[in-house]
$ cat entry-v4.cif   # mmCIF, C-alpha atoms and all ligand atoms
data_data
loop_
_atom_site.label_atom_id
_atom_site.label_comp_id
_atom_site.auth_asym_id
_atom_site.auth_seq_id
_atom_site.Cartn_x
_atom_site.Cartn_y
_atom_site.Cartn_z
CA MET A 1 0.00 0.00 0.00
CA GLU A 2 1.43 3.36 -1.05
CA SER A 3 1.63 5.89 1.74
CA LEU A 4 1.48 9.65 1.82
CA SER A 5 4.36 11.76 3.06
CA THR A 6 4.01 15.26 4.45
CA ASP A 7 6.12 18.43 4.27
CA ILE A 8 8.45 17.22 1.54
CA SER A 9 10.97 19.57 -0.10
CA LEU A 10 10.29 20.05 -3.82
CA ALA A 11 13.76 21.48 -4.54
CA PRO A 12 15.03 18.22 -6.11
CA PHE A 13 11.81 17.89 -8.11
CA ASN A 14 11.84 21.15 -10.09
CA SER A 15 14.45 22.12 -12.69
CA PHE A 16 14.35 25.77 -11.55
CA GLY A 17 15.66 24.48 -8.21
CA ILE A 18 13.16 26.59 -6.27
CA LYS A 19 13.21 25.73 -2.57
CA VAL A 20 9.58 25.12 -1.65
CA LYS A 21 7.72 22.37 0.15
CA THR A 22 4.55 20.43 -0.53
CA ARG A 23 2.09 19.69 2.27
CA TRP A 24 1.35 16.18 0.90
CA TYR A 25 3.35 13.95 -1.41
CA GLY A 26 2.73 10.50 -2.88
CA LYS A 27 4.38 8.59 -5.70
CA PHE A 28 2.70 5.90 -7.76
CA CYS A 29 3.79 3.24 -10.24
CA ASP A 30 0.37 2.29 -11.62
CA ALA A 31 -3.28 3.33 -11.65
CA GLY A 32 -4.03 1.13 -8.60
CA GLU A 33 -1.47 2.93 -6.44
CA LEU A 34 -2.70 6.27 -7.74
CA THR A 35 -6.26 5.42 -6.66
CA GLN A 36 -5.02 4.34 -3.21
CA ILE A 37 -3.15 7.61 -2.72
CA ILE A 38 -6.09 9.73 -3.78
CA ASN A 39 -8.50 7.74 -1.58
CA SER A 40 -6.26 8.14 1.46
CA SER A 41 -5.58 11.86 0.98
CA PRO A 42 -7.66 14.77 2.24
CA ARG A 43 -9.68 16.77 -0.34
CA VAL A 44 -6.93 19.20 -1.32
CA PRO A 45 -5.72 20.55 -4.70
CA LYS A 46 -3.62 18.05 -6.63
CA LEU A 47 -0.57 18.56 -8.82
CA VAL A 48 0.76 15.83 -11.09
CA LEU A 49 4.52 15.97 -11.29
CA GLY A 50 6.80 14.50 -13.94
CA GLY A 51 10.35 15.85 -14.15
CA GLY A 52 9.35 19.33 -12.90
CA SER A 53 11.02 20.98 -15.91
CA ASN A 54 8.14 23.19 -16.99
CA LEU A 55 7.01 24.57 -13.64
CA LEU A 56 7.71 27.61 -11.48
CA PHE A 57 6.72 27.26 -7.83
CA THR A 58 6.05 30.73 -6.39
CA LYS A 59 5.17 29.45 -2.90
CA ASP A 60 4.82 26.27 -0.85
CA PHE A 61 2.21 23.92 -2.33
CA GLU A 62 -0.65 23.39 0.15
CA GLY A 63 -1.98 20.32 -1.62
CA LEU A 64 -1.00 16.84 -2.79
CA VAL A 65 1.83 16.31 -5.25
CA LEU A 66 1.28 13.12 -7.26
CA LYS A 67 4.66 11.94 -8.52
CA ASN A 68 4.22 9.83 -11.62
CA GLU A 69 6.60 6.86 -11.77
CA ILE A 70 4.76 4.60 -14.24
CA MET A 71 7.48 2.89 -16.29
CA GLY A 72 7.73 0.58 -19.28
CA ILE A 73 7.92 0.62 -23.08
CA GLN A 74 5.75 -1.93 -24.83
CA LYS A 75 5.28 -2.59 -28.56
CA THR A 76 1.52 -2.92 -29.02
CA SER A 77 1.40 -3.44 -32.79
CA GLU A 78 3.22 -2.88 -36.05
CA ASP A 79 2.65 -2.99 -39.78
CA GLU A 80 4.82 -2.51 -42.84
CA ASN A 81 5.36 1.18 -42.16
CA PHE A 82 4.78 1.86 -38.49
CA VAL A 83 5.44 0.57 -35.02
CA TYR A 84 3.21 1.50 -32.07
CA LEU A 85 4.86 1.91 -28.66
CA LYS A 86 2.89 2.30 -25.43
CA VAL A 87 5.08 4.14 -22.94
CA GLY A 88 4.67 4.65 -19.19
CA ALA A 89 4.16 8.31 -18.27
CA GLY A 90 7.04 8.23 -15.80
CA GLU A 91 9.66 7.26 -18.41
CA ASN A 92 12.30 9.91 -19.01
CA TRP A 93 11.62 11.59 -22.38
CA HIS A 94 15.19 11.63 -23.66
CA ARG A 95 15.76 7.99 -22.66
CA PHE A 96 12.67 7.11 -24.70
CA VAL A 97 14.09 9.05 -27.68
CA MET A 98 17.37 7.14 -27.33
CA TYR A 99 15.46 3.83 -27.19
CA CYS A 100 13.75 4.74 -30.49
CA ILE A 101 17.07 5.61 -32.11
CA GLU A 102 18.67 2.35 -30.92
CA ASN A 103 15.79 0.43 -32.49
CA ASN A 104 15.66 2.52 -35.66
CA TYR A 105 12.16 3.85 -34.99
CA ALA A 106 11.97 7.30 -36.57
CA GLY A 107 9.99 10.40 -35.62
CA VAL A 108 11.24 11.68 -32.28
CA GLU A 109 14.92 12.34 -33.13
CA ASN A 110 14.35 16.12 -33.53
CA LEU A 111 12.92 16.10 -29.99
CA SER A 112 16.19 14.84 -28.45
CA LEU A 113 17.33 16.17 -25.08
CA ILE A 114 14.03 17.78 -24.04
CA PRO A 115 13.98 17.35 -20.25
CA GLY A 116 11.08 15.75 -18.40
CA CYS A 117 8.86 12.70 -18.62
CA VAL A 118 6.78 11.09 -21.35
CA GLY A 119 3.53 11.79 -19.45
CA ALA A 120 4.02 15.56 -19.67
CA SER A 121 4.84 15.52 -23.40
CA PRO A 122 1.20 15.84 -24.55
CA MET A 123 0.49 18.58 -21.98
CA GLN A 124 2.04 21.32 -24.07
CA ASN A 125 2.55 19.25 -27.23
CA ILE A 126 6.33 19.53 -26.84
CA GLY A 127 8.15 20.71 -29.90
CA ALA A 128 11.60 21.48 -31.24
CA TYR A 129 13.46 21.78 -34.53
CA GLY A 130 10.41 21.46 -36.77
CA VAL A 131 8.68 18.51 -35.07
CA GLU A 132 5.93 18.41 -32.45
CA LEU A 133 4.64 15.59 -30.29
CA LYS A 134 1.38 15.54 -32.29
CA ASP A 135 3.34 14.30 -35.34
CA VAL A 136 4.08 10.97 -33.61
CA PHE A 137 1.11 10.76 -31.23
CA HIS A 138 -1.35 7.86 -31.53
CA GLU A 139 -3.37 7.88 -28.28
CA LEU A 140 -3.09 8.19 -24.51
CA THR A 141 -4.83 6.85 -21.45
CA ALA A 142 -5.60 9.18 -18.58
CA PHE A 143 -7.17 8.82 -15.16
CA HIS A 144 -9.93 11.25 -14.20
CA ILE A 145 -9.12 12.37 -10.64
CA GLU A 146 -12.71 13.07 -9.51
CA GLU A 147 -14.43 10.19 -11.30
CA LYS A 148 -11.56 7.77 -10.65
CA SER A 149 -11.95 6.20 -14.08
CA ASN A 150 -9.75 5.82 -17.16
CA TYR A 151 -10.29 7.55 -20.51
CA THR A 152 -8.64 7.10 -23.90
CA PHE A 153 -7.81 10.23 -25.89
CA ARG A 154 -7.13 10.00 -29.64
CA LEU A 155 -5.35 12.68 -31.65
CA LYS A 156 -8.40 14.84 -32.34
CA ASP A 157 -9.53 14.71 -28.67
CA CYS A 158 -6.29 16.32 -27.47
CA GLN A 159 -6.72 19.58 -29.47
CA PHE A 160 -2.98 19.97 -29.86
CA GLY A 161 -1.73 23.43 -30.79
CA TYR A 162 1.55 25.30 -30.47
CA ARG A 163 2.65 24.51 -26.87
CA ASP A 164 -0.99 23.72 -26.08
CA SER A 165 -3.51 20.89 -25.56
CA VAL A 166 -6.84 20.17 -23.95
CA PHE A 167 -4.92 19.12 -20.80
CA LYS A 168 -3.31 22.56 -20.47
CA GLY A 169 -6.67 24.21 -21.22
CA LYS A 170 -10.17 23.05 -20.32
CA TYR A 171 -9.08 19.80 -18.60
CA ARG A 172 -6.27 21.42 -16.58
CA ASN A 173 -5.66 19.53 -13.29
CA GLN A 174 -8.45 17.04 -14.04
CA PHE A 175 -6.53 14.11 -15.54
CA VAL A 176 -3.41 12.12 -14.76
CA ILE A 177 -1.85 10.86 -17.99
CA LEU A 178 -0.86 7.22 -17.41
CA HIS A 179 0.46 5.99 -20.78
CA VAL A 180 1.15 7.54 -24.17
CA THR A 181 1.15 5.46 -27.37
CA PHE A 182 3.36 6.70 -30.19
CA ARG A 183 3.27 5.85 -33.88
CA LEU A 184 6.82 5.70 -35.16
CA ASN A 185 8.12 5.29 -38.69
CA LYS A 186 10.02 2.21 -39.75
CA LYS A 187 11.13 4.15 -42.84
CA PRO A 188 12.57 7.45 -41.64
CA VAL A 189 11.31 10.79 -42.91
CA PHE A 190 14.08 13.27 -42.16
CA HIS A 191 13.29 16.80 -40.95
CA THR A 192 16.39 18.91 -41.46
CA GLY A 193 14.80 22.14 -42.69
CA TYR A 194 14.62 23.90 -39.35
CA GLY A 195 17.12 26.45 -38.15
CA ALA A 196 20.68 25.36 -37.78
CA ILE A 197 20.28 21.59 -38.37
CA GLU A 198 21.72 21.52 -41.92
CA GLN A 199 24.62 23.71 -40.83
CA GLU A 200 25.34 21.50 -37.84
CA LEU A 201 25.19 18.32 -39.96
CA ALA A 202 27.70 19.88 -42.36
CA LYS A 203 29.95 20.87 -39.46
CA MET A 204 29.75 17.29 -38.17
CA ASP A 205 30.75 16.12 -41.66
CA VAL A 206 27.85 13.67 -41.84
CA LYS A 207 28.13 11.61 -45.04
CA GLU A 208 24.93 9.62 -44.72
CA LEU A 209 21.86 11.14 -43.10
CA SER A 210 20.32 9.06 -40.28
CA ILE A 211 18.03 9.61 -37.32
CA ARG A 212 21.08 9.27 -35.06
CA ALA A 213 22.94 12.00 -36.97
CA ILE A 214 19.92 14.32 -36.65
CA SER A 215 19.65 13.54 -32.95
CA ASN A 216 23.35 14.32 -32.45
CA ALA A 217 23.01 17.58 -34.41
CA VAL A 218 20.03 18.64 -32.27
CA ILE A 219 21.93 17.73 -29.09
CA ASN A 220 24.92 19.82 -30.22
CA ILE A 221 22.77 22.86 -31.02
CA ARG A 222 20.81 22.61 -27.77
CA THR A 223 23.86 22.22 -25.53
CA SER A 224 25.50 25.23 -27.21
CA LYS A 225 22.81 27.65 -26.06
CA LEU A 226 20.44 26.14 -23.51
CA PRO A 227 21.61 26.02 -19.88
CA ASP A 228 21.76 22.58 -18.24
CA PRO A 229 19.29 22.64 -15.31
CA LEU A 230 21.80 20.61 -13.28
CA GLU A 231 24.13 23.61 -13.48
CA ILE A 232 21.75 26.61 -13.64
CA GLY A 233 18.11 26.35 -12.64
CA ASN A 234 15.69 26.99 -15.53
CA ALA A 235 12.59 25.63 -17.26
CA GLY A 236 13.55 26.20 -20.91
CA SER A 237 11.67 28.93 -22.80
CA PHE A 238 9.79 30.96 -20.23
CA TYR A 239 7.36 32.48 -22.77
CA LYS A 240 5.79 31.26 -26.01
CA ASN A 241 6.80 32.86 -29.30
CA PRO A 242 3.86 35.23 -29.95
CA SER A 243 1.97 35.39 -33.24
CA VAL A 244 0.91 38.73 -34.75
CA SER A 245 -0.87 39.80 -37.94
CA LYS A 246 1.14 40.36 -41.12
CA GLU A 247 0.33 44.10 -40.88
CA LYS A 248 1.65 44.30 -37.32
CA PHE A 249 4.84 42.49 -38.41
CA GLN A 250 5.32 44.90 -41.32
CA GLN A 251 4.94 47.84 -38.94
CA LEU A 252 7.50 46.27 -36.56
CA LYS A 253 9.93 45.71 -39.45
CA THR A 254 9.61 49.40 -40.40
CA ASP A 255 10.51 50.48 -36.87
CA PHE A 256 12.95 47.59 -36.13
CA PRO A 257 14.33 46.18 -39.40
CA ASP A 258 16.14 43.32 -37.59
CA ALA A 259 13.00 41.93 -35.89
CA VAL A 260 12.78 38.14 -36.41
CA GLY A 261 9.52 36.49 -37.54
CA TYR A 262 8.42 33.31 -39.32
CA ASP A 263 5.29 32.89 -41.49
CA ASN A 264 2.53 30.75 -40.00
CA ALA A 265 0.29 28.67 -42.29
CA ASP A 266 -2.72 30.89 -41.45
CA GLY A 267 -1.03 34.09 -42.72
CA SER A 268 0.02 35.42 -39.32
CA VAL A 269 3.66 35.76 -38.28
CA LYS A 270 5.35 34.09 -35.31
CA LEU A 271 7.82 36.47 -33.65
CA ALA A 272 10.99 35.28 -31.91
CA ALA A 273 10.28 36.21 -28.30
CA GLY A 274 14.03 35.85 -27.60
CA TRP A 275 14.67 38.72 -30.03
CA LEU A 276 12.00 40.91 -28.43
CA ILE A 277 13.47 40.29 -24.95
CA GLU A 278 17.05 40.82 -26.12
CA HIS A 279 16.06 44.12 -27.74
CA SER A 280 14.28 45.54 -24.72
CA GLY A 281 15.64 45.99 -21.22
CA PRO A 282 15.31 47.36 -17.71
CA ASP A 283 15.92 50.83 -19.18
CA ASN A 284 16.21 52.17 -22.72
CA GLU A 285 19.95 51.65 -23.00
CA THR A 286 20.37 48.07 -21.89
CA SER A 287 19.16 44.58 -22.83
CA TRP A 288 17.48 41.97 -20.66
CA LYS A 289 19.86 39.37 -22.08
CA GLY A 290 22.33 38.50 -19.30
CA TYR A 291 20.45 40.68 -16.77
CA ARG A 292 20.64 39.53 -13.16
CA LEU A 293 18.97 40.75 -9.98
CA GLY A 294 20.00 38.72 -6.96
CA ASP A 295 19.87 35.13 -8.14
CA ALA A 296 17.10 35.61 -10.71
CA GLY A 297 18.22 36.38 -14.24
CA VAL A 298 17.96 36.11 -18.01
CA HIS A 299 20.36 33.65 -19.61
CA PRO A 300 23.27 35.38 -21.39
CA LEU A 301 23.05 33.07 -24.45
CA GLN A 302 19.26 32.73 -24.80
CA ALA A 303 17.07 35.64 -23.70
CA LEU A 304 13.93 33.48 -23.71
CA VAL A 305 15.27 31.44 -20.78
CA LEU A 306 14.93 32.83 -17.25
CA VAL A 307 17.32 31.34 -14.72
CA ASN A 308 17.88 30.79 -11.02
CA TYR A 309 21.56 31.12 -10.14
CA GLY A 310 20.97 29.32 -6.82
CA ASN A 311 18.83 30.97 -4.20
CA ALA A 312 16.18 32.91 -6.13
CA THR A 313 12.64 32.45 -4.90
CA GLY A 314 9.94 31.56 -7.37
CA GLN A 315 8.33 34.93 -6.66
CA GLU A 316 11.56 36.74 -7.62
CA VAL A 317 11.69 34.87 -10.94
CA TYR A 318 8.01 35.60 -11.50
CA ASP A 319 8.47 39.31 -10.69
CA LEU A 320 11.33 39.49 -13.21
CA SER A 321 9.12 37.78 -15.81
CA GLU A 322 6.45 40.43 -15.17
CA ARG A 323 8.93 43.30 -15.69
CA ILE A 324 10.11 41.71 -18.96
CA LEU A 325 6.54 41.25 -20.12
CA GLN A 326 5.76 44.92 -19.42
CA SER A 327 8.88 46.24 -21.13
CA VAL A 328 8.34 44.13 -24.27
CA HIS A 329 4.77 45.37 -24.37
CA ASN A 330 5.82 49.00 -23.92
CA LYS A 331 8.49 48.86 -26.61
CA PHE A 332 6.89 46.65 -29.26
CA GLY A 333 3.17 46.59 -28.42
CA VAL A 334 3.33 42.78 -28.22
CA THR A 335 2.06 40.81 -25.22
CA LEU A 336 4.08 37.75 -24.28
CA GLU A 337 2.37 34.70 -22.80
CA ARG A 338 4.19 32.51 -20.27
CA GLU A 339 4.87 28.95 -21.41
CA VAL A 340 5.97 27.73 -17.97
CA ASN A 341 3.22 26.57 -15.58
CA ILE A 342 3.07 28.96 -12.61
CA ILE A 343 2.13 27.17 -9.38
P1 LIG A 401 6.45 18.84 -15.32
O1 LIG A 401 7.25 20.10 -15.26
O2 LIG A 401 6.58 17.88 -14.19
O3 LIG A 401 4.94 19.19 -15.54
C1 LIG A 401 4.56 20.15 -16.51
C2 LIG A 401 3.02 20.25 -16.50
O4 LIG A 401 2.45 19.01 -16.91
C3 LIG A 401 2.44 20.51 -15.10
O5 LIG A 401 1.28 21.29 -15.26
C4 LIG A 401 2.09 19.11 -14.60
O6 LIG A 401 1.06 19.13 -13.63
C5 LIG A 401 1.64 18.45 -15.88
N1 LIG A 401 1.90 17.01 -15.91
C6 LIG A 401 3.10 16.39 -15.84
N2 LIG A 401 2.96 15.06 -15.95
C7 LIG A 401 1.63 14.83 -16.10
C8 LIG A 401 0.85 13.65 -16.24
N3 LIG A 401 1.39 12.43 -16.28
N4 LIG A 401 -0.50 13.78 -16.34
C9 LIG A 401 -1.08 15.00 -16.31
N5 LIG A 401 -0.38 16.15 -16.17
C10 LIG A 401 0.95 16.07 -16.07
N6 LIG A 401 9.70 22.07 -24.05
C11 LIG A 401 9.47 21.97 -25.37
O7 LIG A 401 8.32 21.81 -25.80
N7 LIG A 401 10.47 22.07 -26.29
C12 LIG A 401 11.75 22.26 -25.93
O8 LIG A 401 12.63 22.33 -26.78
C13 LIG A 401 12.04 22.36 -24.53
N8 LIG A 401 13.30 22.57 -24.11
C14 LIG A 401 13.58 22.68 -22.77
C15 LIG A 401 14.90 22.88 -22.37
C16 LIG A 401 15.20 22.97 -21.02
C17 LIG A 401 16.64 23.19 -20.61
C18 LIG A 401 14.18 22.84 -20.05
C19 LIG A 401 14.51 22.90 -18.58
C20 LIG A 401 12.86 22.66 -20.44
C21 LIG A 401 12.54 22.57 -21.80
N9 LIG A 401 11.23 22.38 -22.27
C22 LIG A 401 10.97 22.25 -23.61
C23 LIG A 401 10.11 22.31 -21.30
C24 LIG A 401 9.91 20.88 -20.68
O9 LIG A 401 11.04 20.08 -20.89
C25 LIG A 401 8.70 20.20 -21.29
O10 LIG A 401 7.54 20.97 -21.09
C26 LIG A 401 8.48 18.81 -20.69
O11 LIG A 401 7.47 18.12 -21.39
C27 LIG A 401 8.10 18.89 -19.19
O12 LIG A 401 8.09 17.57 -18.69
P2 LIG A 401 8.08 17.31 -17.12
O13 LIG A 401 7.89 15.85 -16.93
O14 LIG A 401 9.29 17.91 -16.51
O15 LIG A 401 6.79 18.10 -16.71
N1 LIG A 402 16.86 35.15 -30.65
C1 LIG A 402 17.46 36.33 -30.34
N2 LIG A 402 18.01 36.48 -29.11
C2 LIG A 402 17.98 35.50 -28.19
C3 LIG A 402 17.35 34.27 -28.50
C4 LIG A 402 16.78 34.12 -29.75
O1 LIG A 402 17.52 37.26 -31.15
O2 LIG A 402 18.51 35.71 -27.09
C5 LIG A 402 16.27 34.98 -32.00
C6 LIG A 402 17.31 34.55 -33.03
O3 LIG A 402 17.09 35.27 -34.20
C7 LIG A 402 16.98 33.11 -33.32
C8 LIG A 402 15.48 33.07 -33.06
O4 LIG A 402 15.28 34.01 -31.99
O5 LIG A 402 17.29 32.76 -34.62
C9 LIG A 402 14.98 31.71 -32.61
O6 LIG A 402 15.80 31.25 -31.52
P1 LIG A 402 15.98 29.70 -31.21
O7 LIG A 402 16.29 28.96 -32.47
O8 LIG A 402 16.93 29.58 -30.07
O9 LIG A 402 14.56 29.23 -30.79
P2 LIG A 402 13.45 29.88 -29.85
O10 LIG A 402 12.37 30.41 -30.73
O11 LIG A 402 14.07 30.81 -28.88
C10 LIG A 402 12.02 27.71 -29.77
C11 LIG A 402 11.31 26.93 -28.71
C12 LIG A 402 12.29 26.02 -28.00
C13 LIG A 402 12.87 25.04 -29.01
C14 LIG A 402 13.56 25.83 -30.12
C15 LIG A 402 14.01 24.93 -31.26
C16 LIG A 402 9.41 28.21 -27.97
C17 LIG A 402 8.81 29.06 -26.92
N3 LIG A 402 10.66 27.82 -27.78
O12 LIG A 402 12.95 28.56 -29.11
O13 LIG A 402 11.59 25.28 -27.01
O14 LIG A 402 13.79 24.16 -28.41
O15 LIG A 402 12.65 26.81 -30.69
O16 LIG A 402 12.88 24.46 -31.94
O17 LIG A 402 8.74 27.90 -28.95
C18 LIG A 402 10.86 25.31 -24.74
O18 LIG A 402 9.70 25.25 -25.18
O19 LIG A 402 11.12 25.32 -23.51
C19 LIG A 402 11.98 25.38 -25.68
C20 LIG A 402 13.26 25.47 -25.31
#

$ encode --input "entry-v4.cif" --output "structure tokens"
Amino acid sequence: MESLSTDISLAPFNSFGIKVKTRWYGKFCDAGELTQIINSSPRVPKLVLGGGSNLLFTKDFEGLVLKNEIMGIQKTSEDENFVYLKVGAGENWHRFVMYCIENNYAGVENLSLIPGCVGASPMQNIGAYGVELKDVFHELTAFHIEEKSNYTFRLKDCQFGYRDSVFKGKYRNQFVILHVTFRLNKKPVFHTGYGAIEQELAKMDVKELSIRAISNAVINIRTSKLPDPLEIGNAGSFYKNPSVSKEKFQQLKTDFPDAVGYDNADGSVKLAAGWLIEHSGPDNETSWKGYRLGDAGVHPLQALVLVNYGNATGQEVYDLSERILQSVHNKFGVTLEREVNII
């Protein structure tokens, strides 16, 4: 029987390294243990925790943290073109990517080195280097906390969008994702069009393209600019890249010819939030990039990443994020939206 713990430090369980506690804590390895924990806990707010790499705790959590440790990778079916893998929500995401590469299952190589667990991957439809989770998603099973029953969600049920899903929106805090089933390609379809991948592959002198080569290129690019949470606390991009109308982008380009934007399929333009943050600052002369106040700061190599140099509180990081949001709005008339979940 799984038991509940009380007053547990969450510092080891969040990649920002924020030193907060949770009133109640229970870990589970399957749906049965999860039900036991919920049945034996008081009626308090619940927070499902994976790797804690997309969260900012601004205070102690006065509820129950449910730590997902459901493991296992199981092949459920295959045909000539695809293999279907059902993966426990507690599996480490990057280890799962490496498993796919070892077995020559293609589709997740561009998503190498994203921290966190498989169970959180549908939450914000994780994405990087031209691929999103939705491109390899088949279905998931999730446990409804109030009803205590399991549901299956297919692709269309999840309403995946850019860094968004039904679980981040209308079903927030209602479901615990237990397993995710992926559809992976036996015959690889390479995605090398995004950003610096081609350049990196050339630098690596890759003669024959493979999913492993792409994974290595992505790992090289990521480690060159994203801080390792084991060294500097962070949760990756703190804000989403905002979309604006074509007219608004043209007006920005007139005022700021270097502004960076990419065309969306619907005619709008996605701005690089990192550029907006780098080109605004605490006053008119300076940039936020590399800014530090106490132990809260903006990473010197990637302005979209807020960091904790050691002893920042979550509130200090949040306050800095609010100042950045205001200054970007004042300078460019664009409102940033936080990607990180604020708790
Ligand atoms: P957590 O932080 O534990 O949880 C995140 C949210 O999901 C919370 O709301 C939590 O309650 C909920 N949740 C977690 N597990 C479950 C579950 N089983 N059921 C229901 N709800 C659940 N993200 C990208 O998309 N692309 C990137 O390129 C990227 N790069 C990053 C780089 C760095 C250095 C870091 C630190 C983060 C990066 N991220 C990126 C963000 C993060 O890695 C992803 O959002 C990841 O999916 C979070 O997984 P986690 O297990 O740590 O989630
Ligand atoms: N830029 C700057 N200054 C900066 C940072 C970026 O000018 O300090 C500009 C550059 O012009 C650069 C452009 O922004 O070319 C894009 O930068 P980058 O390629 O680093 O990507 P990003 O838009 O900052 C997004 C995702 C990342 C993902 C990468 C690669 C969001 C919010 N972030 O970052 O995801 O890994 O692309 O696909 O969409 C995350 O979600 O946590 C995350 C790290």

$ closest_atom_pairs --input "entry-v4.cif" --of "chain A" --to "ligand LIG 401 (chain A)" --cutoff "6 Å" --atoms "only C-alpha atoms and all ligand atoms" --output "tab-separated table"
residue	atom	partner	partner_atom	distance
A:Ser15	CA	A:LIG401	C19	5.9
A:Leu47	CA	A:LIG401	O6	5.1
A:Val48	CA	A:LIG401	O6	4.2
A:Leu49	CA	A:LIG401	O2	4.0
A:Gly50	CA	A:LIG401	O2	3.4
A:Gly51	CA	A:LIG401	O14	3.3
A:Gly52	CA	A:LIG401	O1	3.3
A:Ser53	CA	A:LIG401	O14	3.6
A:Asn54	CA	A:LIG401	O1	3.7
A:Leu55	CA	A:LIG401	O1	4.8
A:Ala89	CA	A:LIG401	N3	5.3
A:Ile114	CA	A:LIG401	N8	4.8
A:Pro115	CA	A:LIG401	O9	4.1
A:Gly116	CA	A:LIG401	O14	3.4
A:Cys117	CA	A:LIG401	O13	3.7
A:Gly119	CA	A:LIG401	N3	3.9
A:Ala120	CA	A:LIG401	N2	3.9
A:Ser121	CA	A:LIG401	O11	4.2
A:Met123	CA	A:LIG401	O4	5.5
A:Ile126	CA	A:LIG401	O7	3.2
A:Gly127	CA	A:LIG401	O7	4.2
A:Ala128	CA	A:LIG401	O8	4.7
A:Phe175	CA	A:LIG401	C9	5.6
A:Val176	CA	A:LIG401	N4	3.7
A:Ile177	CA	A:LIG401	N4	3.6
A:Leu178	CA	A:LIG401	N3	5.8
A:Leu226	CA	A:LIG401	C17	5.6
A:Pro227	CA	A:LIG401	C17	5.8
A:Asp228	CA	A:LIG401	C17	5.7
A:Pro229	CA	A:LIG401	C19	5.8
A:Asn234	CA	A:LIG401	C19	5.2
A:Ala235	CA	A:LIG401	C19	3.6
A:Gly236	CA	A:LIG401	C18	3.5
A:Asn341	CA	A:LIG401	O5	5.6

$ axis_aligned_box --input "entry-v4.cif" --around "stretch 234-238 of chain A" --padding-each-side "8 Å" --output "AutoDock Vina command-line options"
--center_x 12.7 --center_y 28.3 --center_z -19.2 --size_x 21.9 --size_y 21.3 --size_z 23.3

$ residues_around --input "entry-v4.cif" --residues "A:Ile145" --least-positions-apart "5" --cutoff "10 Å" --atoms "all atoms listed in the file" --output "list in words"
Leu34, Thr35, Ile38, Lys46, Asn150, Asn173, Gln174, Phe175 and Val176 of chain A

$ residues_around --input "entry-v4.cif" --residues "A:Glu316" --least-positions-apart "6" --cutoff "9 Å" --atoms "all atoms listed in the file" --output "list of chain:residue names"
A:Thr58, A:Leu293, A:Gly294, A:Asp295, A:Ala296

$ residues_near_ligand --input "entry-v4.cif" --ligand "ligand LIG 402 (chain A)" --cutoff "9 Å" --atoms "only C-alpha atoms and all ligand atoms" --output "CSV table (one decimal) with C-alpha atoms, in the coordinates of the input"
chain,number,residue,atom,x,y,z
A,53,SER,CA,11.0,21.0,-15.9
A,54,ASN,CA,8.1,23.2,-17.0
A,110,ASN,CA,14.4,16.1,-33.5
A,111,LEU,CA,12.9,16.1,-30.0
A,114,ILE,CA,14.0,17.8,-24.0
A,124,GLN,CA,2.0,21.3,-24.1
A,126,ILE,CA,6.3,19.5,-26.8
A,127,GLY,CA,8.2,20.7,-29.9
A,128,ALA,CA,11.6,21.5,-31.2
A,129,TYR,CA,13.5,21.8,-34.5
A,130,GLY,CA,10.4,21.5,-36.8
A,131,VAL,CA,8.7,18.5,-35.1
A,162,TYR,CA,1.6,25.3,-30.5
A,163,ARG,CA,2.6,24.5,-26.9
A,194,TYR,CA,14.6,23.9,-39.4
A,195,GLY,CA,17.1,26.4,-38.2
A,196,ALA,CA,20.7,25.4,-37.8
A,218,VAL,CA,20.0,18.6,-32.3
A,221,ILE,CA,22.8,22.9,-31.0
A,222,ARG,CA,20.8,22.6,-27.8
A,225,LYS,CA,22.8,27.6,-26.1
A,226,LEU,CA,20.4,26.1,-23.5
A,235,ALA,CA,12.6,25.6,-17.3
A,236,GLY,CA,13.6,26.2,-20.9
A,237,SER,CA,11.7,28.9,-22.8
A,238,PHE,CA,9.8,31.0,-20.2
A,239,TYR,CA,7.4,32.5,-22.8
A,240,LYS,CA,5.8,31.3,-26.0
A,241,ASN,CA,6.8,32.9,-29.3
A,242,PRO,CA,3.9,35.2,-30.0
A,258,ASP,CA,16.1,43.3,-37.6
A,259,ALA,CA,13.0,41.9,-35.9
A,260,VAL,CA,12.8,38.1,-36.4
A,261,GLY,CA,9.5,36.5,-37.5
A,271,LEU,CA,7.8,36.5,-33.6
A,272,ALA,CA,11.0,35.3,-31.9
A,273,ALA,CA,10.3,36.2,-28.3
A,274,GLY,CA,14.0,35.8,-27.6
A,275,TRP,CA,14.7,38.7,-30.0
A,276,LEU,CA,12.0,40.9,-28.4
A,277,ILE,CA,13.5,40.3,-25.0
A,278,GLU,CA,17.0,40.8,-26.1
A,279,HIS,CA,16.1,44.1,-27.7
A,289,LYS,CA,19.9,39.4,-22.1
A,299,HIS,CA,20.4,33.6,-19.6
A,300,PRO,CA,23.3,35.4,-21.4
A,301,LEU,CA,23.0,33.1,-24.4
A,302,GLN,CA,19.3,32.7,-24.8
A,303,ALA,CA,17.1,35.6,-23.7
A,304,LEU,CA,13.9,33.5,-23.7
A,305,VAL,CA,15.3,31.4,-20.8
A,338,ARG,CA,4.2,32.5,-20.3
A,339,GLU,CA,4.9,29.0,-21.4
A,340,VAL,CA,6.0,27.7,-18.0

$ atom_distance --input "entry-v4.cif" --atom1 "atom CA of A:Ile8" --atom2 "atom CA of A:Arg23"
6.9 Å

$ atom_distance --input "entry-v4.cif" --atom1 "atom CA of A:Asn103" --atom2 "atom CA of A:Arg154"
25.0 Å
